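Here is upload-v1.csv, consisting of CSV, C-alpha atoms:
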```csv
chain,number,residue,atom,x,y,z
A,1,MET,CA,21.8,11.4,-38.5
A,2,LYS,CA,22.1,14.0,-35.7
A,3,THR,CA,18.3,14.4,-35.7
A,4,THR,CA,17.9,10.6,-35.4
A,5,ILE,CA,20.4,10.5,-32.5
A,6,ARG,CA,18.5,13.3,-30.7
A,7,LEU,CA,15.2,11.4,-31.2
A,8,ILE,CA,16.7,8.2,-29.8
A,9,ALA,CA,18.2,10.1,-26.8
A,10,ALA,CA,14.9,11.9,-26.2
A,11,THR,CA,13.0,8.6,-26.3
A,12,ALA,CA,15.4,6.9,-24.0
A,13,LEU,CA,15.1,9.8,-21.5
A,14,VAL,CA,11.2,9.6,-21.6
A,15,VAL,CA,11.4,5.8,-21.1
A,16,SER,CA,13.9,6.2,-18.3
A,17,SER,CA,11.7,8.9,-16.6
A,18,PHE,CA,8.6,6.7,-17.0
A,19,GLY,CA,10.5,3.8,-15.3
A,20,ALA,CA,11.6,6.0,-12.5
A,21,TYR,CA,8.1,7.4,-11.8
A,22,ALA,CA,5.9,4.6,-13.1
A,23,GLN,CA,4.1,4.6,-9.8
A,24,LYS,CA,3.4,8.3,-9.6
A,25,GLY,CA,-0.3,9.1,-9.3
A,26,GLU,CA,-1.3,5.5,-8.7
A,27,THR,CA,-3.7,4.7,-5.9
A,28,VAL,CA,-2.5,2.1,-3.5
A,29,LYS,CA,-5.4,0.4,-1.7
A,30,ILE,CA,-4.8,-1.0,1.8
A,31,ALA,CA,-7.4,-3.3,3.4
A,32,TRP,CA,-7.7,-2.7,7.1
A,33,ILE,CA,-9.0,-5.9,8.8
A,34,ASP,CA,-9.8,-5.4,12.5
A,35,PRO,CA,-12.8,-5.2,14.9
A,36,LEU,CA,-15.6,-2.6,14.4
A,37,SER,CA,-18.1,-4.5,16.6
A,38,GLY,CA,-18.0,-6.2,20.0
A,39,LEU,CA,-16.1,-5.0,23.1
A,40,MET,CA,-12.9,-4.1,21.1
A,41,ALA,CA,-14.8,-1.9,18.6
A,42,PRO,CA,-13.7,1.4,20.2
A,43,VAL,CA,-10.1,0.4,19.6
A,44,GLY,CA,-10.7,-0.7,16.0
A,45,SER,CA,-12.7,2.5,15.2
A,46,ASN,CA,-9.9,4.7,16.5
A,47,GLN,CA,-7.3,2.8,14.5
A,48,LEU,CA,-9.3,2.9,11.3
A,49,LYS,CA,-9.6,6.7,11.7
A,50,SER,CA,-5.9,6.8,12.3
A,51,PHE,CA,-5.1,4.9,9.0
A,52,GLN,CA,-7.5,7.1,7.0
A,53,PHE,CA,-6.2,10.3,8.6
A,54,PHE,CA,-2.6,9.5,7.7
A,55,ALA,CA,-3.5,8.2,4.3
A,56,GLU,CA,-4.6,11.7,3.5
A,57,LYS,CA,-1.4,13.2,5.0
A,58,PHE,CA,1.0,10.8,3.3
A,59,SER,CA,-0.8,10.9,-0.1
A,60,LYS,CA,0.5,14.5,-0.4
A,61,THR,CA,4.0,13.9,0.8
A,62,ASN,CA,5.4,10.4,0.1
A,63,PRO,CA,8.4,10.3,-2.2
A,64,ALA,CA,6.8,7.7,-4.6
A,65,GLY,CA,4.0,10.1,-5.5
A,66,VAL,CA,1.3,7.5,-4.9
A,67,LYS,CA,-2.1,8.0,-3.3
A,68,PHE,CA,-3.2,5.8,-0.4
A,69,GLU,CA,-6.7,4.6,0.1
A,70,VAL,CA,-7.9,2.6,3.1
A,71,ILE,CA,-10.7,0.1,3.0
A,72,GLY,CA,-12.0,-0.8,6.4
A,73,ILE,CA,-13.4,-4.3,7.0
A,74,ASP,CA,-14.9,-5.5,10.3
A,75,ASN,CA,-13.4,-8.9,11.3
A,76,LYS,CA,-15.3,-9.1,14.6
A,77,LEU,CA,-11.9,-10.1,16.2
A,78,SER,CA,-12.4,-13.5,14.6
A,79,PRO,CA,-9.7,-15.5,12.5
A,80,ALA,CA,-12.5,-17.0,10.4
A,81,GLU,CA,-14.1,-13.6,9.7
A,82,SER,CA,-10.6,-12.2,8.9
A,83,LEU,CA,-10.1,-14.8,6.2
A,84,ASN,CA,-13.4,-13.9,4.6
A,85,ALA,CA,-12.3,-10.2,4.8
A,86,LEU,CA,-9.0,-11.1,3.1
A,87,LYS,CA,-10.9,-12.8,0.2
A,88,ALA,CA,-13.2,-9.8,-0.1
A,89,ALA,CA,-10.2,-7.5,-0.2
A,90,MET,CA,-8.5,-9.6,-2.9
A,91,ASP,CA,-11.7,-9.6,-4.9
A,92,GLN,CA,-11.4,-5.8,-4.9
A,93,GLY,CA,-7.9,-5.9,-6.3
A,94,VAL,CA,-6.2,-5.1,-3.0
A,95,ARG,CA,-2.6,-6.1,-2.7
A,96,TYR,CA,-1.8,-4.7,0.7
A,97,ILE,CA,-3.5,-5.6,4.0
A,98,THR,CA,-3.0,-4.4,7.6
A,99,GLN,CA,-4.2,-5.8,10.9
A,100,GLY,CA,-3.0,-5.8,14.5
A,101,ASN,CA,-5.7,-6.5,17.1
A,102,GLY,CA,-5.2,-10.1,18.1
A,103,SER,CA,-2.2,-12.3,17.3
A,104,SER,CA,-4.6,-15.3,16.7
A,105,VAL,CA,-6.0,-13.3,13.8
A,106,ALA,CA,-2.5,-12.2,12.6
A,107,GLY,CA,-1.4,-15.9,12.6
A,108,ALA,CA,-4.3,-16.9,10.4
A,109,LEU,CA,-3.7,-14.1,8.0
A,110,ILE,CA,0.0,-14.8,7.7
A,111,GLU,CA,-0.7,-18.4,6.8
A,112,ALA,CA,-3.4,-17.4,4.3
A,113,VAL,CA,-1.1,-14.8,2.6
A,114,ASN,CA,1.7,-17.3,2.3
A,115,ARG,CA,-0.6,-19.8,0.6
A,116,HIS,CA,-2.1,-17.3,-1.7
A,117,ASN,CA,1.3,-15.9,-2.8
A,118,GLU,CA,2.7,-19.3,-3.4
A,119,ARG,CA,-0.3,-20.3,-5.6
A,120,ASN,CA,-0.8,-17.0,-7.4
A,121,PRO,CA,2.4,-15.6,-8.7
A,122,GLY,CA,1.9,-12.1,-10.1
A,123,LYS,CA,-0.9,-11.4,-7.6
A,124,GLU,CA,1.1,-11.3,-4.4
A,125,ILE,CA,-0.1,-9.6,-1.2
A,126,ILE,CA,1.9,-7.9,1.5
A,127,PHE,CA,0.8,-8.0,5.2
A,128,LEU,CA,1.6,-4.8,7.1
A,129,ASN,CA,1.3,-5.8,10.8
A,130,HIS,CA,0.6,-2.7,12.9
A,131,SER,CA,0.1,-4.2,16.4
A,132,ALA,CA,0.1,-8.0,16.6
A,133,VAL,CA,3.1,-8.7,18.8
A,134,ASP,CA,3.5,-12.5,19.1
A,135,PRO,CA,7.3,-13.0,18.8
A,136,ASP,CA,6.7,-16.2,16.8
A,137,PHE,CA,5.7,-14.1,13.8
A,138,THR,CA,9.3,-13.0,13.4
A,139,ASN,CA,10.9,-16.2,14.7
A,140,SER,CA,9.5,-19.7,14.0
A,141,LYS,CA,6.6,-18.5,11.9
A,142,CYS,CA,8.4,-15.7,10.1
A,143,SER,CA,7.2,-14.9,6.5
A,144,TYR,CA,8.8,-12.9,3.7
A,145,TRP,CA,5.4,-11.3,3.1
A,146,HIS,CA,4.9,-10.2,6.7
A,147,PHE,CA,6.4,-6.9,8.1
A,148,ARG,CA,5.8,-6.0,11.7
A,149,PHE,CA,5.9,-2.3,12.7
A,150,ASP,CA,5.1,-2.7,16.4
A,151,ALA,CA,7.8,-3.9,18.8
A,152,ASP,CA,7.1,-7.6,19.7
A,153,THR,CA,6.3,-8.9,23.2
A,154,SER,CA,9.9,-10.0,23.8
A,155,MET,CA,11.3,-6.6,22.9
A,156,LYS,CA,8.8,-4.8,25.2
A,157,MET,CA,9.5,-7.2,28.1
A,158,GLU,CA,13.2,-6.7,27.6
A,159,ALA,CA,12.8,-3.0,28.1
A,160,MET,CA,10.2,-3.3,30.8
A,161,THR,CA,12.2,-5.6,33.0
A,162,THR,CA,15.4,-3.5,32.4
A,163,PHE,CA,13.5,-0.6,34.0
A,164,MET,CA,11.9,-2.8,36.7
A,165,LYS,CA,15.1,-4.3,38.0
A,166,ASP,CA,16.1,-0.8,39.3
A,167,GLN,CA,12.8,-0.4,41.3
A,168,LYS,CA,13.6,-1.7,44.7
A,169,ASP,CA,10.0,-1.8,45.9
A,170,ILE,CA,9.1,-4.6,43.5
A,171,LYS,CA,9.2,-7.9,45.4
A,172,ASN,CA,6.0,-9.9,44.6
A,173,VAL,CA,4.6,-9.9,41.0
A,174,TYR,CA,1.3,-11.2,39.7
A,175,LEU,CA,0.9,-12.1,35.9
A,176,LEU,CA,-2.6,-11.4,34.6
A,177,ASN,CA,-3.1,-11.8,30.8
A,178,GLN,CA,-5.5,-12.7,28.0
A,179,ASN,CA,-5.8,-16.4,27.1
A,180,TYR,CA,-4.4,-16.4,23.6
A,181,SER,CA,-0.9,-16.3,22.0
A,182,HIS,CA,0.0,-12.8,23.1
A,183,GLY,CA,-1.0,-13.3,26.7
A,184,HIS,CA,0.9,-16.6,26.8
A,185,GLN,CA,4.0,-14.9,25.4
A,186,VAL,CA,3.8,-12.1,28.0
A,187,VAL,CA,3.9,-14.8,30.7
A,188,ARG,CA,6.7,-16.7,29.1
A,189,TYR,CA,9.0,-13.7,28.6
A,190,ALA,CA,8.2,-12.2,32.0
A,191,LYS,CA,9.4,-15.4,33.6
A,192,GLU,CA,12.5,-15.6,31.5
A,193,ASN,CA,13.5,-12.0,32.1
A,194,PHE,CA,12.8,-12.2,35.9
A,195,ALA,CA,15.0,-15.3,36.2
A,196,ARG,CA,17.8,-13.6,34.3
A,197,LYS,CA,17.6,-10.1,35.8
A,198,MET,CA,15.6,-10.3,39.1
A,199,PRO,CA,15.9,-13.8,40.6
A,200,ASP,CA,14.9,-12.6,44.1
A,201,VAL,CA,11.6,-11.3,42.9
A,202,LYS,CA,8.7,-13.8,43.4
A,203,ILE,CA,5.9,-14.5,41.0
A,204,VAL,CA,3.1,-15.0,43.4
A,205,GLY,CA,0.3,-15.8,41.0
A,206,GLU,CA,-0.8,-15.9,37.4
A,207,ASP,CA,-4.1,-16.0,35.5
A,208,LEU,CA,-5.2,-16.2,31.9
A,209,HIS,CA,-8.7,-15.1,31.1
A,210,PRO,CA,-10.8,-15.2,27.9
A,211,LEU,CA,-10.1,-12.5,25.3
A,212,ALA,CA,-12.7,-9.7,25.2
A,213,GLN,CA,-15.3,-11.6,27.2
A,214,VAL,CA,-14.8,-10.7,30.8
A,215,ARG,CA,-17.0,-7.8,32.0
A,216,ASP,CA,-16.2,-7.9,35.7
A,217,PHE,CA,-12.6,-8.3,36.9
A,218,ALA,CA,-13.4,-8.0,40.6
A,219,PRO,CA,-12.7,-11.7,41.2
A,220,TYR,CA,-9.3,-11.4,39.6
A,221,ILE,CA,-8.5,-8.3,41.7
A,222,ALA,CA,-9.5,-10.2,44.9
A,223,LYS,CA,-7.0,-13.0,44.0
A,224,ILE,CA,-4.3,-10.4,43.3
A,225,LYS,CA,-4.8,-8.8,46.7
A,226,ALA,CA,-4.9,-12.1,48.4
A,227,SER,CA,-1.6,-13.1,46.8
A,228,GLY,CA,0.2,-10.2,48.4
A,229,ALA,CA,1.4,-8.9,45.0
A,230,ASP,CA,2.8,-5.4,45.0
A,231,THR,CA,3.0,-5.3,41.2
A,232,VAL,CA,0.9,-6.7,38.3
A,233,ILE,CA,2.3,-7.3,34.8
A,234,THR,CA,-0.4,-7.4,32.1
A,235,GLY,CA,-0.4,-7.4,28.3
A,236,ASN,CA,-4.2,-6.7,28.3
A,237,TRP,CA,-5.6,-4.2,25.9
A,238,GLY,CA,-8.9,-2.5,25.1
A,239,SER,CA,-11.8,-3.4,27.3
A,240,ASP,CA,-9.8,-6.1,29.1
A,241,LEU,CA,-7.4,-3.5,30.5
A,242,ALA,CA,-10.0,-0.7,31.0
A,243,LEU,CA,-12.2,-3.0,33.0
A,244,LEU,CA,-9.3,-4.5,34.9
A,245,ILE,CA,-8.1,-1.0,36.0
A,246,LYS,CA,-11.7,0.0,36.9
A,247,ALA,CA,-12.0,-3.1,39.1
A,248,ALA,CA,-8.6,-2.4,40.7
A,249,ASN,CA,-9.7,1.2,41.6
A,250,GLU,CA,-13.1,0.0,42.9
A,251,GLY,CA,-11.5,-2.9,44.8
A,252,GLY,CA,-8.9,-0.7,46.5
A,253,TYR,CA,-5.9,-2.4,45.0
A,254,ASN,CA,-3.0,0.0,45.4
A,255,GLY,CA,-0.2,-1.9,43.8
A,256,LYS,CA,1.6,-1.0,40.6
A,257,PHE,CA,0.6,-2.0,37.1
A,258,TYR,CA,3.2,-2.5,34.3
A,259,THR,CA,1.3,-2.6,31.0
A,260,TYR,CA,1.7,-2.5,27.2
A,261,TYR,CA,-1.5,-0.6,26.4
A,262,THR,CA,-2.5,2.0,29.0
A,263,GLY,CA,-2.8,4.6,26.3
A,264,VAL,CA,-5.4,2.7,24.3
A,265,THR,CA,-9.0,3.8,24.0
A,266,GLY,CA,-11.0,3.4,27.3
A,267,THR,CA,-8.2,2.8,29.7
A,268,PRO,CA,-7.4,6.5,30.4
A,269,THR,CA,-11.0,7.1,31.3
A,270,ALA,CA,-11.0,3.9,33.5
A,271,LEU,CA,-7.9,5.2,35.3
A,272,GLY,CA,-9.3,8.8,35.7
A,273,GLN,CA,-7.5,10.7,38.5
A,274,GLY,CA,-6.5,7.4,40.2
A,275,GLY,CA,-3.3,5.4,39.6
A,276,ALA,CA,-1.0,8.4,39.5
A,277,GLY,CA,2.6,7.1,39.8
A,278,ARG,CA,1.4,3.5,39.9
A,279,VAL,CA,0.6,2.6,36.3
A,280,PHE,CA,3.4,2.3,33.7
A,281,GLN,CA,3.4,1.6,30.0
A,282,ILE,CA,6.1,0.4,27.7
A,283,SER,CA,5.6,1.4,24.1
A,284,TYR,CA,7.2,2.7,20.9
A,285,ASN,CA,5.6,6.1,21.3
A,286,HIS,CA,3.8,8.3,23.9
A,287,TYR,CA,1.5,11.2,24.2
A,288,ASN,CA,4.1,13.9,24.8
A,289,MET,CA,6.6,13.4,22.0
A,290,GLY,CA,6.2,16.9,20.5
A,291,GLY,CA,7.4,17.8,17.0
A,292,ASP,CA,5.4,16.5,14.1
A,293,MET,CA,3.8,13.9,16.3
A,294,GLY,CA,2.5,16.6,18.6
A,295,LYS,CA,1.1,18.6,15.7
A,296,TRP,CA,-0.6,15.5,14.2
A,297,MET,CA,-2.1,14.4,17.6
A,298,ALA,CA,-3.5,17.9,18.1
A,299,GLU,CA,-5.0,17.9,14.6
A,300,PHE,CA,-6.4,14.4,15.1
A,301,LYS,CA,-8.1,15.3,18.4
A,302,GLN,CA,-9.6,18.4,16.9
A,303,LYS,CA,-11.0,16.5,13.9
A,304,PHE,CA,-12.3,13.4,15.7
A,305,ASN,CA,-12.5,14.3,19.3
A,306,ASP,CA,-10.3,11.3,19.9
A,307,ASP,CA,-6.7,10.5,20.7
A,308,PHE,CA,-4.1,9.2,18.3
A,309,TYR,CA,-1.9,6.5,19.8
A,310,THR,CA,-1.0,3.9,17.1
A,311,GLY,CA,2.3,5.3,16.0
A,312,SER,CA,3.0,2.3,13.8
A,313,VAL,CA,0.5,3.8,11.3
A,314,ILE,CA,3.0,6.6,10.6
A,315,SER,CA,5.9,4.1,10.2
A,316,ILE,CA,3.9,2.0,7.8
A,317,TYR,CA,3.2,4.9,5.4
A,318,SER,CA,6.7,6.2,5.8
A,319,ALA,CA,8.2,2.8,4.9
A,320,LEU,CA,5.8,2.2,2.0
A,321,GLY,CA,6.5,5.6,0.4
A,322,GLU,CA,10.3,5.0,0.7
A,323,ALA,CA,10.1,1.4,-0.6
A,324,MET,CA,7.9,2.3,-3.5
A,325,ALA,CA,10.2,5.1,-4.5
A,326,LYS,CA,13.2,2.8,-4.2
A,327,ALA,CA,11.4,0.0,-6.2
A,328,LYS,CA,10.0,2.5,-8.7
A,329,SER,CA,6.9,0.4,-8.5
A,330,THR,CA,3.8,-0.5,-6.4
A,331,ASP,CA,4.1,-4.2,-7.3
A,332,PRO,CA,4.2,-6.0,-4.0
A,333,VAL,CA,7.0,-8.3,-5.2
A,334,LYS,CA,9.3,-5.3,-5.8
A,335,VAL,CA,8.1,-3.4,-2.8
A,336,ALA,CA,8.7,-6.3,-0.5
A,337,ALA,CA,12.3,-6.6,-1.7
A,338,ALA,CA,12.7,-2.8,-1.1
A,339,LEU,CA,11.1,-3.0,2.4
A,340,SER,CA,13.3,-5.9,3.5
A,341,GLY,CA,16.2,-4.3,5.3
A,342,LEU,CA,15.0,-0.8,4.6
A,343,THR,CA,16.3,2.0,6.9
A,344,PHE,CA,14.0,5.0,6.9
A,345,LYS,CA,13.0,8.0,9.0
A,346,SER,CA,9.8,7.9,11.0
A,347,TYR,CA,8.4,10.1,13.8
A,348,HIS,CA,10.8,8.7,16.4
A,349,GLY,CA,14.0,8.9,14.3
A,350,GLU,CA,15.8,6.5,12.0
A,351,VAL,CA,14.5,3.0,12.2
A,352,GLN,CA,15.2,-0.2,10.3
A,353,MET,CA,13.0,-3.1,9.0
A,354,ARG,CA,15.4,-5.9,10.0
A,355,LYS,CA,16.1,-8.0,6.9
A,356,THR,CA,16.5,-11.2,8.8
A,357,ASP,CA,13.0,-11.4,10.1
A,358,HIS,CA,11.1,-8.2,9.1
A,359,GLN,CA,10.8,-6.9,12.6
A,360,LEU,CA,11.1,-3.1,12.9
A,361,GLN,CA,14.0,-2.1,15.1
A,362,GLN,CA,12.9,1.1,16.9
A,363,PRO,CA,13.3,2.9,20.3
A,364,LEU,CA,10.9,2.3,23.2
A,365,TRP,CA,9.7,4.5,26.1
A,366,MET,CA,8.6,3.7,29.6
A,367,THR,CA,5.9,6.2,30.7
A,368,VAL,CA,4.0,6.7,34.0
A,369,TRP,CA,0.4,7.9,34.6
A,370,GLN,CA,0.4,11.3,36.3
A,371,LYS,CA,-1.3,14.7,36.2
A,372,ALA,CA,-0.8,16.6,33.0
A,373,ASP,CA,1.4,19.7,33.5
A,374,LYS,CA,3.3,22.3,31.4
A,375,LYS,CA,6.1,19.9,30.6
A,376,PHE,CA,3.8,17.0,29.7
A,377,PRO,CA,0.5,18.6,28.7
A,378,TYR,CA,-1.3,16.2,26.5
A,379,SER,CA,-4.4,14.8,28.3
A,380,PRO,CA,-6.0,11.6,26.8
A,381,GLU,CA,-9.7,11.4,26.9
A,382,ASN,CA,-9.8,14.7,28.7
A,383,THR,CA,-8.8,13.1,32.0
A,384,GLY,CA,-6.5,15.9,33.2
A,385,MET,CA,-3.8,13.1,33.4
A,386,THR,CA,-1.1,11.9,31.0
A,387,LEU,CA,1.5,9.3,30.3
A,388,ALA,CA,4.9,11.0,31.0
A,389,PRO,CA,8.2,9.5,29.9
A,390,VAL,CA,10.5,8.3,32.6
A,391,LYS,CA,13.0,6.3,30.6
A,392,ASP,CA,13.9,5.8,26.9
A,393,PHE,CA,15.4,2.8,25.4
A,394,PRO,CA,17.4,3.1,22.1
A,395,SER,CA,16.7,0.4,19.5
A,396,PHE,CA,19.8,-1.7,20.5
A,397,VAL,CA,18.6,-2.0,24.1
A,398,SER,CA,15.2,-3.5,23.4
A,399,SER,CA,16.3,-5.5,20.3
A,400,THR,CA,16.0,-9.2,20.8
A,401,PRO,CA,17.6,-12.0,18.7
A,402,THR,CA,15.6,-14.0,16.1
A,403,SER,CA,15.6,-17.6,15.0
A,404,CYS,CA,13.9,-16.8,11.7
A,405,GLN,CA,14.9,-19.0,8.8
A,406,MET,CA,13.1,-16.9,6.1
A,407,LYS,CA,12.2,-18.5,2.8
A,408,ARG,CA,12.6,-15.8,0.1
A,409,PRO,CA,11.2,-15.9,-3.4
A,410,GLY,CA,13.5,-17.2,-6.0
```
Any chance you could put this one into structure tokens?
Amino acid sequence: MKTTIRLIAATALVVSSFGAYAQKGETVKIAWIDPLSGLMAPVGSNQLKSFQFFAEKFSKTNPAGVKFEVIGIDNKLSPAESLNALKAAMDQGVRYITQGNGSSVAGALIEAVNRHNERNPGKEIIFLNHSAVDPDFTNSKCSYWHFRFDADTSMKMEAMTTFMKDQKDIKNVYLLNQNYSHGHQVVRYAKENFARKMPDVKIVGEDLHPLAQVRDFAPYIAKIKASGADTVITGNWGSDLALLIKAANEGGYNGKFYTYYTGVTGTPTALGQGGAGRVFQISYNHYNMGGDMGKWMAEFKQKFNDDFYTGSVISIYSALGEAMAKAKSTDPVKVAAALSGLTFKSYHGEVQMRKTDHQLQQPLWMTVWQKADKKFPYSPENTGMTLAPVKDFPSFVSSTPTSCQMKRPG
């Protein structure tokens, strides 16, 4: 009898242990769907390397004991191509996807994932959004299967204008943005925040231009100069920001730029030694954070001769590891439930994936372009310059409300 009891107890312990670590040693495939061709290819290439670099890092350290594998698929910055990429990923058994360059693409993927998961129970997919910042994705278009690890446009504009309202030299502002959902939202939230915080500041002009198609921004700079604007707000990224800055330098525009993406591939080189003290960026990380981030950035640069700047990659792996350990599974249904509302530690402290809308709540930093020095030594693209922090915003400052009415499984 005693022997039987011992055998039952031992069996129960083995079953319990297996349940607790059922995911240990599993390979979790993540399909990366973003541009590797066209004008935005340099940004996509950098971010694919970032995901692969940290897949190797977190495969060794995550609490779930899983291994991460990244499959890169070129979507040519096209929603249609992205849907083809999603199908190709699903055909390979991928249950996790990530994307971030272009909110028009993200919107198409969210709808496709929702349809797939509704029609194919047991084969659900999770969308890990690393950079697509349209606020609608965590408001009117929120989805249980979508998790955003960047700060959305409204959050960044909330922090940006909180900083700007104390800058007494800002009187006339020009809004120049890309003509798609993200650019439209930058304009909308800029106007709302100015009306609320800086009613005396005038918006003296605004333009929307095609995404990733303009090669010469000189005509736009001429309009900005003619308007008398002392400040430009732009959500432009990639070649659209790099070429805009290049045109401003060549055209002799000496006003300030308040941006979302100065640190992204190509823009530091376009700025060069110019723009010191005049170009600002609001973001959830910066080049001079030190600690683990500083070590990882140095290693990334040594390995790829490139700069790491997409900090959301780290948050994605940190959250996945924690959620899979909590769920004791890699099943997207169980992992999504664990991710929803999860509080975890990332490179910038304790952050939370807000349960209401699946928008990560995290601190933001305002930085300014200046010469690199002993205090802020990191020099992107070997320019001798850097983005130095001038103001930090705790999570509660930049957090914005949500109207999300999320439909949850079951």
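Checking A:Tyr180, A:Tyr174, A:Tyr378, A:Trp365 one by one against Lys156 in chain A, counting only C-alpha atoms, you find the shortest gap at A:Trp365.
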As number ranges by chain, please: the residues near Tyr309 in chain A (cut-off 10 Å, all atoms listed in the file, same-chain neighbours under 4 positions excluded).
A: 46-47, 50, 261, 263-265, 284-287, 293, 297, 313, 380
Sel. within 10 Å of pt (6.5, 6.0, 1.7), counting only C-alpha atoms, output as an mmCIF file with C-alpha atoms, in the frame of the given file:
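Result saved to part-v4.cif:
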```
data_model
loop_
_atom_site.group_PDB
_atom_site.id
_atom_site.type_symbol
_atom_site.label_atom_id
_atom_site.label_comp_id
_atom_site.auth_asym_id
_atom_site.auth_seq_id
_atom_site.Cartn_x
_atom_site.Cartn_y
_atom_site.Cartn_z
ATOM 1 C CA PHE A 58 1.000 10.800 3.300
ATOM 2 C CA SER A 59 -0.800 10.900 -0.100
ATOM 3 C CA THR A 61 4.000 13.900 0.800
ATOM 4 C CA ASN A 62 5.400 10.400 0.100
ATOM 5 C CA PRO A 63 8.400 10.300 -2.200
ATOM 6 C CA ALA A 64 6.800 7.700 -4.600
ATOM 7 C CA GLY A 65 4.000 10.100 -5.500
ATOM 8 C CA VAL A 66 1.300 7.500 -4.900
ATOM 9 C CA PHE A 68 -3.200 5.800 -0.400
ATOM 10 C CA ILE A 314 3.000 6.600 10.600
ATOM 11 C CA SER A 315 5.900 4.100 10.200
ATOM 12 C CA ILE A 316 3.900 2.000 7.800
ATOM 13 C CA TYR A 317 3.200 4.900 5.400
ATOM 14 C CA SER A 318 6.700 6.200 5.800
ATOM 15 C CA ALA A 319 8.200 2.800 4.900
ATOM 16 C CA LEU A 320 5.800 2.200 2.000
ATOM 17 C CA GLY A 321 6.500 5.600 0.400
ATOM 18 C CA GLU A 322 10.300 5.000 0.700
ATOM 19 C CA ALA A 323 10.100 1.400 -0.600
ATOM 20 C CA MET A 324 7.900 2.300 -3.500
ATOM 21 C CA ALA A 325 10.200 5.100 -4.500
ATOM 22 C CA LYS A 326 13.200 2.800 -4.200
ATOM 23 C CA PHE A 344 14.000 5.000 6.900
ATOM 24 C CA LYS A 345 13.000 8.000 9.000
#
```
What's the 8 Å shell around Arg95 in chain A, counting only C-alpha atoms, without same-chain residues fewer than 3 positions away, as number ranges by chain?
A: 29-30, 90, 123-126, 332
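Rounded to one decimal, CA of Ala327 in chain A and CA of Asp357 in chain A lie 20.0 Å from each other.
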Residues of range 226-299 of chain A within 12 Å of range 206-210 of chain A: nearest atom pair and distance (Å, one decimal) for each, counting all atoms listed in the file, sorted by chain and number, as CSV?
```
residue,atom,partner,partner_atom,distance
A:Ser227,CA,A:Glu206,CA,9.8
A:Ala229,CA,A:Glu206,CA,10.6
A:Thr231,CA,A:Glu206,CA,11.9
A:Val232,CA,A:Glu206,CA,9.4
A:Ile233,CA,A:Glu206,CA,9.5
A:Thr234,CA,A:Asp207,CA,10.0
A:Gly235,CA,A:Leu208,CA,10.7
A:Asn236,CA,A:His209,CA,9.9
A:Ser239,CA,A:Pro210,CA,11.9
A:Asp240,CA,A:Pro210,CA,9.2
A:Leu241,CA,A:His209,CA,11.7
A:Leu244,CA,A:His209,CA,11.3
```
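Each of A:Leu176, A:Leu211, A:Ala159, A:Val390 was checked against Ser104 in chain A using all atoms listed in the file; the smallest atom-to-atom distance is that of A:Leu211.
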Contacts of Ile282 in chain A at 7 Å or less, counting only C-alpha atoms, minus same-chain residues fewer than 3 places along, as a count of residues only?
8
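Distance annotation: of A:Thr138, A:Thr267, A:Gln273, A:Gln92, the residue with the minimal separation from Ala151 in chain A is A:Thr138; atom set is only C-alpha atoms.
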Using all atoms listed in the file, the shortest atom-to-atom distance to Lys407 in chain A among A:Cys142, A:Ile33, A:Ala222, A:Val43 belongs to A:Cys142
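Between CA of Pro377 in chain A and CA of Phe53 in chain A the separation is 22.8 Å.
The coordinates place CA of Leu342 in chain A at 19.1 Å from CA of Ile97 in chain A.
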Any idea what's packed within 10 Å of Gly255 in chain A, counting only C-alpha atoms, ignoring anything in its chain fewer than 3 positions away? Could you give it as a ChimeraX atom specification?
/A:170,173,224-225,228-232,248,252,275,278-279
Out of A:Ile71, A:Leu243, A:Ala31, A:Met406, which residue has the shortest atom-to-atom distance to Phe127 in chain A when counting all atoms listed in the file?
A:Ala31
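Minimum distance to Ala337 in chain A across A:Lys355, A:Lys87, A:Lys303, A:Lys223 (counting all atoms listed in the file) occurs at A:Lys355.
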Enumerate, as a ChimeraX atom specification, the protein, DNA and RNA residues whose atoms approach (-16.0, -0.4, 15.8) to within 10 Å, taking into account all atoms listed in the file and the coordinate frame of the file.
/A:34-48,73-76
